[in-house]
Structures are given as structure tokens and as C-alpha cells.
$ cat model34.cif   # mmCIF, C-alpha atoms
data_coords
loop_
_atom_site.label_atom_id
_atom_site.label_comp_id
_atom_site.auth_asym_id
_atom_site.auth_seq_id
_atom_site.Cartn_x
_atom_site.Cartn_y
_atom_site.Cartn_z
CA MET A 14 61.87 5.81 34.81
CA LYS A 15 59.09 8.34 35.28
CA PHE A 16 56.62 9.13 32.53
CA PRO A 17 54.85 12.49 32.16
CA GLY A 18 51.23 12.42 33.16
CA VAL A 19 50.11 13.44 29.67
CA PHE A 20 52.00 10.47 28.18
CA VAL A 21 50.35 8.01 30.58
CA GLU A 22 46.89 9.46 29.98
CA LYS A 23 47.35 9.36 26.20
CA TYR A 24 48.29 5.69 26.11
CA ALA A 25 45.74 4.72 28.73
CA MET A 26 43.00 6.23 26.58
CA SER A 27 44.46 4.51 23.52
CA ALA A 28 44.15 1.16 25.30
CA ILE A 29 40.52 1.89 26.17
CA ARG A 30 39.73 2.74 22.56
CA LYS A 31 41.35 -0.50 21.41
CA ILE A 32 39.28 -2.47 23.87
CA GLY A 33 36.21 -0.65 22.67
CA THR A 34 33.15 0.67 24.41
CA THR A 35 30.62 -1.40 22.49
CA PHE A 36 30.15 -5.13 22.09
CA ILE A 37 29.89 -7.27 19.00
CA THR A 38 26.62 -9.06 18.33
CA PRO A 39 26.34 -11.69 21.12
CA VAL A 40 27.31 -15.22 20.16
CA ASN A 41 24.10 -17.19 20.54
CA ARG A 42 23.38 -20.90 20.84
CA MET A 43 22.71 -21.35 17.13
CA MET A 44 26.11 -19.87 16.29
CA LEU A 45 27.81 -22.16 18.81
CA GLU A 46 26.02 -25.19 17.40
CA LEU A 47 27.10 -24.19 13.90
CA ARG A 48 30.67 -23.87 15.15
CA GLU A 49 30.48 -27.41 16.52
CA LYS A 50 29.25 -28.79 13.20
CA THR A 51 31.93 -26.88 11.30
CA LEU A 52 34.99 -27.39 13.48
CA LEU A 53 34.60 -30.63 15.44
CA SER A 54 35.63 -34.07 14.25
CA PRO A 55 33.04 -36.28 12.51
CA GLY A 56 32.87 -38.55 15.56
CA ALA A 57 32.25 -35.75 18.05
CA ALA A 58 28.94 -35.44 19.88
CA LEU A 59 26.92 -32.42 18.78
CA SER A 60 24.87 -30.54 21.35
CA GLU A 61 22.00 -29.94 18.92
CA ASN A 62 21.35 -33.71 18.84
CA ILE A 63 20.95 -34.25 22.59
CA VAL A 64 18.05 -36.10 24.21
CA ARG A 65 16.61 -35.18 27.60
CA SER A 66 14.07 -37.06 29.69
CA ARG A 67 12.00 -33.89 29.89
CA LYS A 68 11.89 -31.56 26.90
CA GLU A 69 13.15 -28.03 27.41
CA ASN A 70 13.46 -24.85 25.44
CA GLY A 71 17.11 -24.30 24.58
CA ASP A 72 19.13 -21.61 26.35
CA PRO A 73 19.61 -18.57 24.07
CA TYR A 74 23.37 -18.29 24.61
CA ARG A 75 24.57 -21.71 25.80
CA THR A 76 24.63 -25.09 24.12
CA ALA A 77 22.92 -28.02 25.80
CA PHE A 78 26.23 -29.42 27.05
CA GLN A 79 27.21 -26.03 28.49
CA VAL A 80 23.88 -25.95 30.32
CA ASP A 81 24.54 -29.45 31.69
CA ARG A 82 28.04 -28.48 32.79
CA ASP A 83 26.72 -25.43 34.64
CA ARG A 84 23.93 -27.39 36.31
CA ILE A 85 26.51 -29.77 37.76
CA PHE A 86 29.01 -27.04 38.60
CA TYR A 87 26.51 -24.93 40.52
CA SER A 88 24.76 -27.82 42.26
CA PRO A 89 25.42 -28.26 46.01
CA TRP A 90 26.71 -31.79 45.38
CA LEU A 91 29.97 -30.83 43.70
CA PRO A 92 31.49 -28.69 46.51
CA LYS A 93 30.63 -31.44 49.03
CA LEU A 94 33.39 -33.48 47.38
CA LYS A 95 35.92 -31.16 49.05
CA GLY A 96 35.21 -33.06 52.25
CA LYS A 97 35.61 -36.54 50.76
CA ALA A 98 38.91 -38.36 50.62
CA GLN A 99 40.75 -39.11 47.44
CA ILE A 100 43.27 -41.02 49.57
CA TYR A 101 43.65 -39.03 52.81
CA ILE A 102 40.94 -37.99 55.27
CA ALA A 103 40.61 -34.23 55.87
CA PRO A 104 44.27 -33.35 55.30
CA SER A 105 45.56 -30.11 56.80
CA TRP A 106 47.84 -29.64 53.79
CA PRO A 107 45.74 -27.76 51.22
CA SER A 108 47.91 -29.09 48.38
CA LEU A 109 46.72 -32.67 48.95
CA ASN A 110 43.94 -33.88 46.70
CA ASN A 111 40.35 -34.65 47.59
CA ARG A 112 37.42 -35.79 45.43
CA TYR A 113 36.73 -32.21 44.38
CA THR A 114 40.24 -31.42 43.17
CA HIS A 115 40.36 -34.84 41.50
CA SER A 116 37.17 -34.01 39.55
CA LEU A 117 38.61 -30.66 38.45
CA LYS A 118 41.82 -32.31 37.28
CA VAL A 119 39.96 -34.99 35.36
CA ALA A 120 38.01 -32.18 33.69
CA ARG A 121 41.18 -30.26 32.83
CA VAL A 122 43.00 -33.25 31.28
CA SER A 123 39.84 -34.33 29.44
CA ILE A 124 39.38 -30.86 27.95
CA GLU A 125 42.99 -30.76 26.70
CA ILE A 126 42.62 -34.10 24.92
CA ALA A 127 39.15 -33.28 23.59
CA ILE A 128 40.33 -30.00 22.07
CA ALA A 129 43.36 -31.65 20.45
CA LEU A 130 41.20 -34.41 18.92
CA GLY A 131 38.37 -32.12 17.81
CA LEU A 132 35.87 -33.54 20.30
CA ASN A 133 33.25 -31.67 22.30
CA ALA A 134 35.08 -30.05 25.22
CA ASP A 135 31.84 -28.92 26.89
CA LEU A 136 30.58 -32.49 27.02
CA VAL A 137 33.78 -33.91 28.54
CA GLU A 138 33.81 -31.14 31.14
CA ALA A 139 30.22 -31.89 32.17
CA ILE A 140 30.91 -35.63 32.47
CA ALA A 141 34.15 -35.09 34.38
CA LEU A 142 32.59 -32.69 36.89
CA GLY A 143 29.72 -35.10 37.54
CA HIS A 144 31.51 -38.44 37.49
CA ASP A 145 32.27 -38.69 41.24
CA LEU A 146 29.27 -36.87 42.74
CA GLY A 147 28.01 -40.11 44.29
CA HIS A 148 31.19 -41.07 46.12
CA SER A 149 30.65 -42.15 49.72
CA PRO A 150 32.81 -41.03 52.65
CA PHE A 151 36.17 -42.78 53.17
CA GLY A 152 36.93 -43.35 49.49
CA HIS A 153 36.74 -46.80 47.99
CA GLU A 154 36.78 -48.49 51.42
CA GLY A 155 33.58 -46.62 52.30
CA GLU A 156 32.09 -47.53 48.92
CA ALA A 157 32.87 -51.23 49.42
CA MET A 158 31.41 -51.24 52.94
CA LEU A 159 28.23 -49.46 51.87
CA GLY A 160 27.91 -52.02 49.09
CA LYS A 161 27.94 -54.80 51.68
CA LEU A 162 25.40 -53.08 53.91
CA SER A 163 22.91 -52.37 51.12
CA SER A 164 20.86 -55.30 49.84
CA THR A 165 21.12 -53.94 46.29
CA GLY A 166 24.81 -53.08 46.48
CA PHE A 167 26.42 -49.67 46.07
CA LYS A 168 28.63 -48.24 43.35
CA HIS A 169 29.63 -44.60 43.27
CA PHE A 170 29.01 -44.24 39.52
CA ARG A 171 25.43 -45.49 39.90
CA GLN A 172 24.94 -43.15 42.84
CA SER A 173 26.34 -40.27 40.76
CA LEU A 174 23.67 -40.96 38.13
CA ARG A 175 21.02 -41.22 40.84
CA ILE A 176 22.04 -37.81 42.18
CA VAL A 177 21.76 -36.00 38.84
CA ASP A 178 18.56 -37.86 37.91
CA GLU A 179 16.57 -38.35 41.11
CA LEU A 180 18.00 -36.26 43.95
CA ALA A 181 19.08 -33.08 42.18
CA LYS A 182 16.73 -33.60 39.21
CA LEU A 183 19.06 -31.82 36.79
CA ASN A 184 17.43 -33.26 33.65
CA LEU A 185 20.80 -33.75 31.95
CA SER A 186 21.29 -34.97 28.42
CA TRP A 187 21.68 -38.68 27.71
CA GLU A 188 25.29 -38.12 26.63
CA VAL A 189 26.30 -36.65 30.00
CA ARG A 190 24.33 -39.20 32.01
CA ASN A 191 25.79 -42.09 30.02
CA GLY A 192 29.32 -40.74 30.47
CA ILE A 193 28.84 -40.45 34.24
CA LEU A 194 27.43 -43.97 34.58
CA CYS A 195 30.04 -45.64 32.39
CA HIS A 196 33.18 -43.80 33.53
CA SER A 197 34.59 -46.49 35.81
CA VAL A 198 37.38 -48.68 34.44
CA LYS A 199 36.70 -52.40 34.91
CA THR A 200 40.15 -53.82 34.02
CA ARG A 201 43.67 -52.53 34.62
CA SER A 202 44.80 -53.21 31.04
CA GLU A 203 42.17 -51.04 29.36
CA HIS A 204 44.20 -49.16 26.76
CA LYS A 205 41.79 -49.01 23.81
CA LEU A 206 38.34 -47.53 24.36
CA VAL A 207 35.75 -48.02 21.64
CA PRO A 208 32.37 -46.29 22.22
CA HIS A 209 29.50 -48.68 22.79
CA PRO A 210 26.81 -48.42 20.09
CA GLY A 211 23.18 -47.86 21.00
CA THR A 212 21.46 -45.86 23.70
CA GLU A 213 21.19 -48.35 26.55
CA MET A 214 22.29 -47.22 30.01
CA ASP A 215 24.46 -50.10 31.27
CA ASP A 216 27.54 -49.47 33.41
CA SER A 217 29.12 -52.72 32.19
CA ASN A 218 29.53 -51.09 28.76
CA MET A 219 31.93 -48.54 27.43
CA PRO A 220 30.52 -45.00 27.21
CA GLY A 221 28.42 -44.35 24.13
CA THR A 222 30.45 -41.32 23.00
CA LEU A 223 34.11 -40.66 22.31
CA GLU A 224 33.85 -37.86 24.87
CA GLY A 225 32.73 -40.35 27.52
CA CYS A 226 35.71 -42.53 26.62
CA VAL A 227 38.01 -39.53 27.07
CA VAL A 228 36.76 -38.98 30.62
CA ARG A 229 36.98 -42.69 31.43
CA LEU A 230 40.66 -42.75 30.44
CA CYS A 231 41.47 -39.35 31.95
CA ASP A 232 40.01 -40.40 35.29
CA LYS A 233 42.77 -43.00 35.48
CA ILE A 234 45.45 -40.66 34.12
CA ALA A 235 44.56 -38.04 36.73
CA TYR A 236 44.61 -40.29 39.78
CA VAL A 237 47.72 -42.31 38.93
CA TYR A 238 49.54 -39.00 38.63
CA HIS A 239 48.20 -36.95 41.53
CA ASP A 240 48.04 -39.89 43.97
CA LEU A 241 51.75 -40.41 43.32
CA GLN A 242 52.48 -36.69 43.64
CA ASP A 243 50.72 -36.56 47.00
CA ALA A 244 52.61 -39.62 48.26
CA LEU A 245 55.94 -38.13 47.16
CA PHE A 246 55.08 -34.87 48.94
CA LEU A 247 54.28 -36.78 52.15
CA LYS A 248 57.41 -38.95 51.71
CA ILE A 249 55.30 -42.11 51.74
CA VAL A 250 57.21 -43.22 48.65
CA SER A 251 60.38 -41.94 46.98
CA GLN A 252 61.32 -41.29 43.37
CA ASN A 253 63.70 -44.28 43.23
CA GLN A 254 60.86 -46.66 44.20
CA ILE A 255 58.83 -45.87 41.08
CA PRO A 256 58.95 -48.83 38.65
CA GLU A 257 61.97 -48.60 36.34
CA TYR A 258 59.93 -49.27 33.20
CA THR A 259 57.51 -46.47 34.06
CA GLN A 260 60.37 -43.99 34.38
CA LYS A 261 61.97 -45.27 31.19
CA ILE A 262 58.77 -44.73 29.16
CA LEU A 263 57.19 -41.70 30.86
CA GLY A 264 60.41 -39.89 31.69
CA PRO A 265 62.76 -39.41 34.64
CA LYS A 266 60.75 -36.57 36.23
CA VAL A 267 57.34 -37.32 37.77
CA ARG A 268 56.05 -33.88 36.82
CA GLY A 269 56.53 -34.89 33.19
CA PHE A 270 54.29 -37.98 33.47
CA TYR A 271 51.12 -35.97 32.82
CA GLY A 272 52.37 -34.53 29.57
CA ALA A 273 53.72 -37.88 28.38
CA LEU A 274 50.37 -39.59 28.99
CA ILE A 275 48.30 -36.81 27.41
CA ASN A 276 50.52 -36.59 24.33
CA ASP A 277 50.46 -40.36 23.86
CA VAL A 278 46.65 -40.46 23.93
CA ILE A 279 46.47 -37.69 21.32
CA GLU A 280 49.09 -39.25 19.03
CA ASN A 281 47.53 -42.72 19.16
CA SER A 282 43.91 -41.58 18.84
CA LYS A 283 44.06 -38.96 16.09
CA GLY A 284 42.23 -40.06 12.98
CA GLN A 285 40.72 -43.08 14.74
CA SER A 286 37.18 -43.97 15.81
CA TYR A 287 38.37 -44.91 19.28
CA LEU A 288 40.62 -43.64 22.07
CA SER A 289 43.94 -45.36 22.64
CA LEU A 290 47.28 -45.43 24.43
CA SER A 291 50.33 -46.96 22.81
CA PRO A 292 51.20 -50.45 24.18
CA GLU A 293 54.40 -49.12 25.79
CA VAL A 294 52.77 -46.18 27.56
CA GLY A 295 49.75 -48.30 28.49
CA LYS A 296 52.04 -50.83 30.17
CA ALA A 297 53.95 -48.08 31.96
CA MET A 298 50.74 -46.56 33.30
CA GLU A 299 49.50 -49.95 34.50
CA GLU A 300 52.77 -50.60 36.30
CA LEU A 301 52.43 -47.21 37.97
CA ARG A 302 48.81 -47.90 38.86
CA ALA A 303 49.76 -51.25 40.45
CA PHE A 304 52.60 -49.54 42.34
CA ASN A 305 50.25 -46.85 43.67
CA TYR A 306 47.68 -49.45 44.66
CA GLU A 307 50.19 -51.45 46.70
CA LYS A 308 52.19 -48.63 48.27
CA ILE A 309 49.48 -46.00 48.74
CA VAL A 310 45.85 -47.02 48.18
CA GLN A 311 46.02 -50.33 50.08
CA SER A 312 48.55 -49.22 52.70
CA ASP A 313 46.91 -48.54 56.06
CA GLU A 314 50.14 -46.99 57.30
CA ALA A 315 50.29 -44.61 54.34
CA LYS A 316 46.63 -43.56 54.55
CA GLY A 317 46.47 -43.39 58.32
CA TYR A 318 43.30 -45.46 58.74
CA THR A 319 42.24 -49.09 58.39
CA ASN A 320 39.42 -50.94 56.68
CA GLN A 321 38.19 -52.01 60.10
CA GLN A 322 37.89 -48.41 61.26
CA VAL A 323 35.87 -47.58 58.14
CA GLN A 324 33.65 -50.61 58.73
CA ASN A 325 33.05 -49.52 62.32
CA ALA A 326 31.92 -46.07 61.21
CA MET A 327 29.77 -47.23 58.30
CA ASN A 328 28.14 -50.01 60.33
CA ILE A 329 26.93 -47.80 63.15
CA LEU A 330 25.78 -45.06 60.74
CA PHE A 331 23.85 -47.43 58.52
CA GLU A 332 22.24 -49.28 61.43
CA TYR A 333 21.12 -46.09 63.14
CA TYR A 334 19.75 -44.27 60.08
CA PHE A 335 18.05 -47.39 58.75
CA LYS A 336 15.94 -47.33 61.93
CA GLU A 337 15.66 -43.53 61.86
CA PHE A 338 14.31 -43.62 58.29
CA GLU A 339 11.80 -46.37 59.15
CA LYS A 340 13.75 -49.11 57.36
CA ASN A 341 13.84 -47.19 54.10
CA GLU A 342 17.07 -48.57 52.70
CA GLN A 343 17.41 -46.27 49.72
CA ARG A 344 16.97 -43.19 51.87
CA THR A 345 19.57 -44.58 54.28
CA VAL A 346 22.05 -45.20 51.46
CA ASP A 347 21.46 -41.73 50.02
CA TYR A 348 22.06 -40.08 53.38
CA VAL A 349 25.12 -42.04 54.48
CA ALA A 350 26.72 -41.75 51.03
CA SER A 351 26.21 -37.98 51.07
CA LEU A 352 28.22 -37.45 54.28
CA THR A 353 31.68 -35.94 54.19
CA ASP A 354 34.43 -37.87 55.94
CA MET A 355 34.48 -35.62 59.00
CA ASP A 356 30.68 -35.52 59.28
CA ALA A 357 30.62 -39.32 59.15
CA ILE A 358 33.29 -39.57 61.86
CA LYS A 359 31.56 -36.99 64.05
CA LYS A 360 28.14 -38.63 63.76
CA ALA A 361 29.57 -42.13 64.29
CA LYS A 362 31.32 -40.95 67.47
CA GLN A 363 28.15 -39.29 68.76
CA LEU A 364 26.16 -42.46 68.13
CA ALA A 365 28.82 -44.63 69.77
CA ASP A 366 28.83 -42.38 72.86
CA LYS A 367 25.03 -42.40 72.96
CA LEU A 368 24.94 -46.21 72.81
CA GLY A 369 27.82 -46.64 75.23
CA LYS A 370 30.05 -48.28 72.63
CA LYS A 371 33.77 -47.83 72.22
CA LEU A 372 34.56 -47.63 68.53
CA ASP A 373 37.89 -47.32 66.81
CA LEU A 374 37.13 -44.77 64.09
CA PRO A 375 39.15 -43.25 61.22
CA THR A 376 41.08 -40.11 62.11
CA PRO A 377 42.99 -37.63 59.94
CA LYS A 378 46.72 -38.32 59.82
CA TYR A 379 48.09 -35.45 57.75
#

$ encode --input "model34.cif" --output "C-alpha cells"
Amino acid sequence: MKFPGVFVEKYAMSAIRKIGTTFITPVNRMMLELREKTLLSPGAALSENIVRSRKENGDPYRTAFQVDRDRIFYSPWLPKLKGKAQIYIAPSWPSLNNRYTHSLKVARVSIEIAIALGLNADLVEAIALGHDLGHSPFGHEGEAMLGKLSSTGFKHFRQSLRIVDELAKLNLSWEVRNGILCHSVKTRSEHKLVPHPGTEMDDSNMPGTLEGCVVRLCDKIAYVYHDLQDALFLKIVSQNQIPEYTQKILGPKVRGFYGALINDVIENSKGQSYLSLSPEVGKAMEELRAFNYEKIVQSDEAKGYTNQQVQNAMNILFEYYFKEFEKNEQRTVDYVASLTDMDAIKKAKQLADKLGKKLDLPTPKY
């Protein structure tokens, strides 16, 4: 159907008038802080109460947590995670997850739950975007090997905090820093998360805010789901292999697992001073996590590389750069941990060729 030109022009101009040619008074930081106090739950973290190591003048139009989120988002450390394996090294399939897409998905799930429970969505987004900044190349195998090579050990959550504090010097709030440090789950059966009181920075504790607890739980929700989705896509596992109890509780379709987990957290946490899964859904998620660990995470055949190959790469890199940096161990750890998977492989191969060594190194499979 053709419309007369006059008709189109009339309604186009009407739409412009509805949109308006002037703006309302800008929403400033004070208004946003007032909105937090008015609309968020009593247990939510308020951005006006934050503490920074170095005092700053507040941004005129962003809350402190929004500033923290943007500092992480626009730092060069976040996009480097695109080159670090979630499970698979440098996959050619763009749909497969890496540490960057994992961080975005943790942020997305955390925001959904935070909004539903009246918590501070800006804080959970900042924590989620920063939680894996310190991951080494080659996933958890690389982390474990770097921990053996360093005399003080290595954990990605401590390195993430070191990045935002010492290397990038982002001067983030205590709430974001605490959430980053304390995001890692210590036991498989962690279904009830109660914020740790006090202001100490200890990664053996629960996060000190409900928002930090949200990210800690959503980190697990995100990877149990998308690691399985990736494995199904690659035909490493099949639908009928998924534990029967998991399918009974979370539903017959894998794409519905996300919604079932998110809804269960909301239903079992509303009105509480803690975050919680129901016992049934918690058990189903742990069965799925154990299944993923056996069939995907710990399967050399599924991943396409072995622990020994990772050890070969990390050994030669650490040994060389330890000498190169005049036996400065912390600088060596910082550098090796910052490498992407392919940079680590390339440099390890160059060093092996230079030293006349034949090394079996990780290679992309997919």
C-alpha cells in the first residue's frame, strides 16, 4: 500500500514532536542516589556510602558504582579476556564462550536477579565485569600451574584484585573490590550465601554485600549453563547424557535451565537477608556441575589439550621471563598471567625453538 507524501510527512513530523526537541533536566548523581535509597531493598548497598582508598570528588551524573563499572569496562584488561579460554583455546566458532563472554553473561544474570530482589544492579555489574580480569592463559590448568611456579601461589581472584588495585590503579570502591576478591566458590554444595560482616578483605570469606553474593552464585549459574551449551553444540556430550535428576528439576530443555535457576534464586531469596537456592534446585545444579567437570572440564579429549601441554608452555615462559625480569617473581607472574592463550603458545614455541627444545604445546582444536 502506498501512502501520499503529505500523509507520510505529517505523521513523521508528529513523531518528532512527540519525541521532543528539548531535554528534561538531566538526572544527576544526587537524584540517582535518592532513587537508590527510595527504591532498593533495605539490605542493598548504597553508592553514597562507598569507601575508596583515595578520596575523589563524585561524578556529577554517575553514582560511584556506575563509575567503577565504567572504569572496569573501558580498561584494556577486560577485552584481553576474549583471548583467554573458558574451556576451549582460540575456537574458530564465534558462538563458543571465552572469559570475556563468560564475564558478560555473569553480569547479565546478576543484573536480572539484583533488579528482581531490589539490590544494586550497578554494583553487581561492576563486580561481574571485574571478577575474572586476573585469569591466566589456559583456564584453570594455567592457573594451577602458575600457582605451582610462584613461591607465593597464584589465584585468579587475587590477581583480579591486584589488577584493579596495583596495575590499573582504578581506585575502586571497597564493595566492588571485596566482591571481586571473594567471588570464587569454595565448595560444590554452596546453596545459601550469607554476606560476611565487617570490612576485612579475605578471600576465604563470603562477600561482604548481598550484591557480591549474587555475583558469586551467578558465576556458577553462568558457567554450568554455557559450558554445557558449548559441549552440546560441539557434540562432546548429548542431551540424554545429562543427569536425570537435573532434567527432572530444571526441565527437559537445556535452554530452559537458565530461567529455572534464576527464578529459583529469586523465589528463595526474596524477603531474606541472604541469597539462596532451594535444596532441590541446588542439588540439580551440583549434579550438573559434577557432570560438566567430568565430561568437559577434565576431559583432555573434549578440550583438545592436556595438562602436560599446559605445563610445558607455562614452565618455559616462567623460566625465561623470571631471568628476563632479573628474578622479579611478581613481575614475572603479572606478565605471564596477562598473556592470551595464543600469545602464550606463540612465545613458548619461539623460546623452545631458540633453546633447541622440542615441546608439545597446546593447540586449538575447534

$ resolve_selection --input "model34.cif" --expression "the PyMOL selection byres ((chain A and resi 229) around 9)" --output "VMD selection string"
chain A and resid 141 192 to 193 195 to 198 206 219 to 220 224 to 228 230 to 233

$ residues_around --input "model34.cif" --residues "range 276-288 of chain A" --least-positions-apart "5" --cutoff "8 Å" --atoms "all atoms listed in the file" --output "PyMOL selection string"
chain A and resi 56+126+129-130+205-208+223+226-227+294

$ resolve_selection --input "model34.cif" --expression "the PyMOL selection byres ((chain A and resi 305) around 12)" --output "VMD selection string"
chain A and resid 100 233 236 to 245 249 to 251 254 to 256 298 to 304 306 to 312 315 to 316

$ residues_around --input "model34.cif" --residues "range 35-44 of chain A" --least-positions-apart "5" --cutoff "9 Å" --atoms "only C-alpha atoms" --output "list in words"
Glu49, Glu61, Gly71, Asp72, Pro73, Tyr74, Arg75, Thr76 and Ala77 of chain A

$ closest_residue --input "model34.cif" --among "A:Ser123, A:Asn253, A:Asn320, A:Ser186" --to "Leu274 in chain A" --atoms "only C-alpha atoms"
A:Ser123

$ atom_distance --input "model34.cif" --atom1 "CA of Gln252 in chain A" --atom2 "CA of Pro265 in chain A"
9.0 Å

$ resolve_selection --input "model34.cif" --expression "the PyMOL selection byres ((chain A and resi 106-111) around 8)" --output "PyMOL selection string"
chain A and resi 94-101+104-105+112-115+239-240+243+379

$ closest_residue --input "model34.cif" --among "A:Val349, A:Leu117, A:Leu247, A:Val64" --to "Asp81 in chain A" --atoms "all atoms listed in the file"
A:Val64

$ decode --input "model34.cif" --residues "range 192-209 of chain A" --atoms "N, CA and C atoms" --output "PDB file, in the first residue's frame"
ATOM      1  N   GLY A 192      33.864  -7.758  46.352  1.00  0.00           N
ATOM      2  CA  GLY A 192      33.117  -8.702  45.525  1.00  0.00           C
ATOM      3  C   GLY A 192      34.004  -9.441  44.543  1.00  0.00           C
ATOM      4  N   ILE A 193      34.976  -8.744  43.962  1.00  0.00           N
ATOM      5  CA  ILE A 193      35.923  -9.385  43.043  1.00  0.00           C
ATOM      6  C   ILE A 193      36.762 -10.426  43.771  1.00  0.00           C
ATOM      7  N   LEU A 194      37.309 -10.046  44.922  1.00  0.00           N
ATOM      8  CA  LEU A 194      38.191 -10.949  45.665  1.00  0.00           C
ATOM      9  C   LEU A 194      37.460 -12.184  46.165  1.00  0.00           C
ATOM     10  N   CYS A 195      36.232 -12.031  46.580  1.00  0.00           N
ATOM     11  CA  CYS A 195      35.508 -13.117  47.258  1.00  0.00           C
ATOM     12  C   CYS A 195      34.490 -13.812  46.356  1.00  0.00           C
ATOM     13  N   HIS A 196      34.666 -13.750  45.040  1.00  0.00           N
ATOM     14  CA  HIS A 196      33.641 -14.303  44.152  1.00  0.00           C
ATOM     15  C   HIS A 196      33.753 -15.807  43.951  1.00  0.00           C
ATOM     16  N   SER A 197      34.887 -16.393  44.295  1.00  0.00           N
ATOM     17  CA  SER A 197      35.130 -17.787  43.925  1.00  0.00           C
ATOM     18  C   SER A 197      34.510 -18.748  44.930  1.00  0.00           C
ATOM     19  N   VAL A 198      33.726 -19.695  44.422  1.00  0.00           N
ATOM     20  CA  VAL A 198      33.052 -20.689  45.257  1.00  0.00           C
ATOM     21  C   VAL A 198      34.069 -21.698  45.773  1.00  0.00           C
ATOM     22  N   LYS A 199      34.024 -21.989  47.057  1.00  0.00           N
ATOM     23  CA  LYS A 199      34.991 -22.909  47.664  1.00  0.00           C
ATOM     24  C   LYS A 199      34.468 -24.340  47.766  1.00  0.00           C
ATOM     25  N   THR A 200      33.151 -24.522  47.829  1.00  0.00           N
ATOM     26  CA  THR A 200      32.573 -25.869  47.930  1.00  0.00           C
ATOM     27  C   THR A 200      31.472 -26.032  46.897  1.00  0.00           C
ATOM     28  N   ARG A 201      31.274 -27.256  46.428  1.00  0.00           N
ATOM     29  CA  ARG A 201      30.260 -27.513  45.410  1.00  0.00           C
ATOM     30  C   ARG A 201      28.840 -27.322  45.944  1.00  0.00           C
ATOM     31  N   SER A 202      28.635 -27.590  47.221  1.00  0.00           N
ATOM     32  CA  SER A 202      27.283 -27.574  47.785  1.00  0.00           C
ATOM     33  C   SER A 202      26.948 -26.232  48.443  1.00  0.00           C
ATOM     34  N   GLU A 203      27.408 -25.154  47.850  1.00  0.00           N
ATOM     35  CA  GLU A 203      27.176 -23.822  48.407  1.00  0.00           C
ATOM     36  C   GLU A 203      25.868 -23.273  47.844  1.00  0.00           C
ATOM     37  N   HIS A 204      24.781 -23.454  48.609  1.00  0.00           N
ATOM     38  CA  HIS A 204      23.462 -23.055  48.125  1.00  0.00           C
ATOM     39  C   HIS A 204      22.878 -21.886  48.896  1.00  0.00           C
ATOM     40  N   LYS A 205      23.455 -21.546  50.035  1.00  0.00           N
ATOM     41  CA  LYS A 205      22.982 -20.418  50.832  1.00  0.00           C
ATOM     42  C   LYS A 205      24.160 -19.498  51.099  1.00  0.00           C
ATOM     43  N   LEU A 206      24.044 -18.253  50.655  1.00  0.00           N
ATOM     44  CA  LEU A 206      25.151 -17.311  50.750  1.00  0.00           C
ATOM     45  C   LEU A 206      24.754 -16.161  51.671  1.00  0.00           C
ATOM     46  N   VAL A 207      25.407 -16.101  52.803  1.00  0.00           N
ATOM     47  CA  VAL A 207      25.147 -15.056  53.796  1.00  0.00           C
ATOM     48  C   VAL A 207      26.319 -14.083  53.779  1.00  0.00           C
ATOM     49  N   PRO A 208      26.092 -12.800  53.539  1.00  0.00           N
ATOM     50  CA  PRO A 208      27.212 -11.837  53.494  1.00  0.00           C
ATOM     51  C   PRO A 208      28.035 -11.875  54.776  1.00  0.00           C
ATOM     52  N   HIS A 209      29.349 -11.748  54.602  1.00  0.00           N
ATOM     53  CA  HIS A 209      30.249 -11.750  55.749  1.00  0.00           C
ATOM     54  C   HIS A 209      30.277 -10.358  56.376  1.00  0.00           C
TER      55      HIS A 209
END
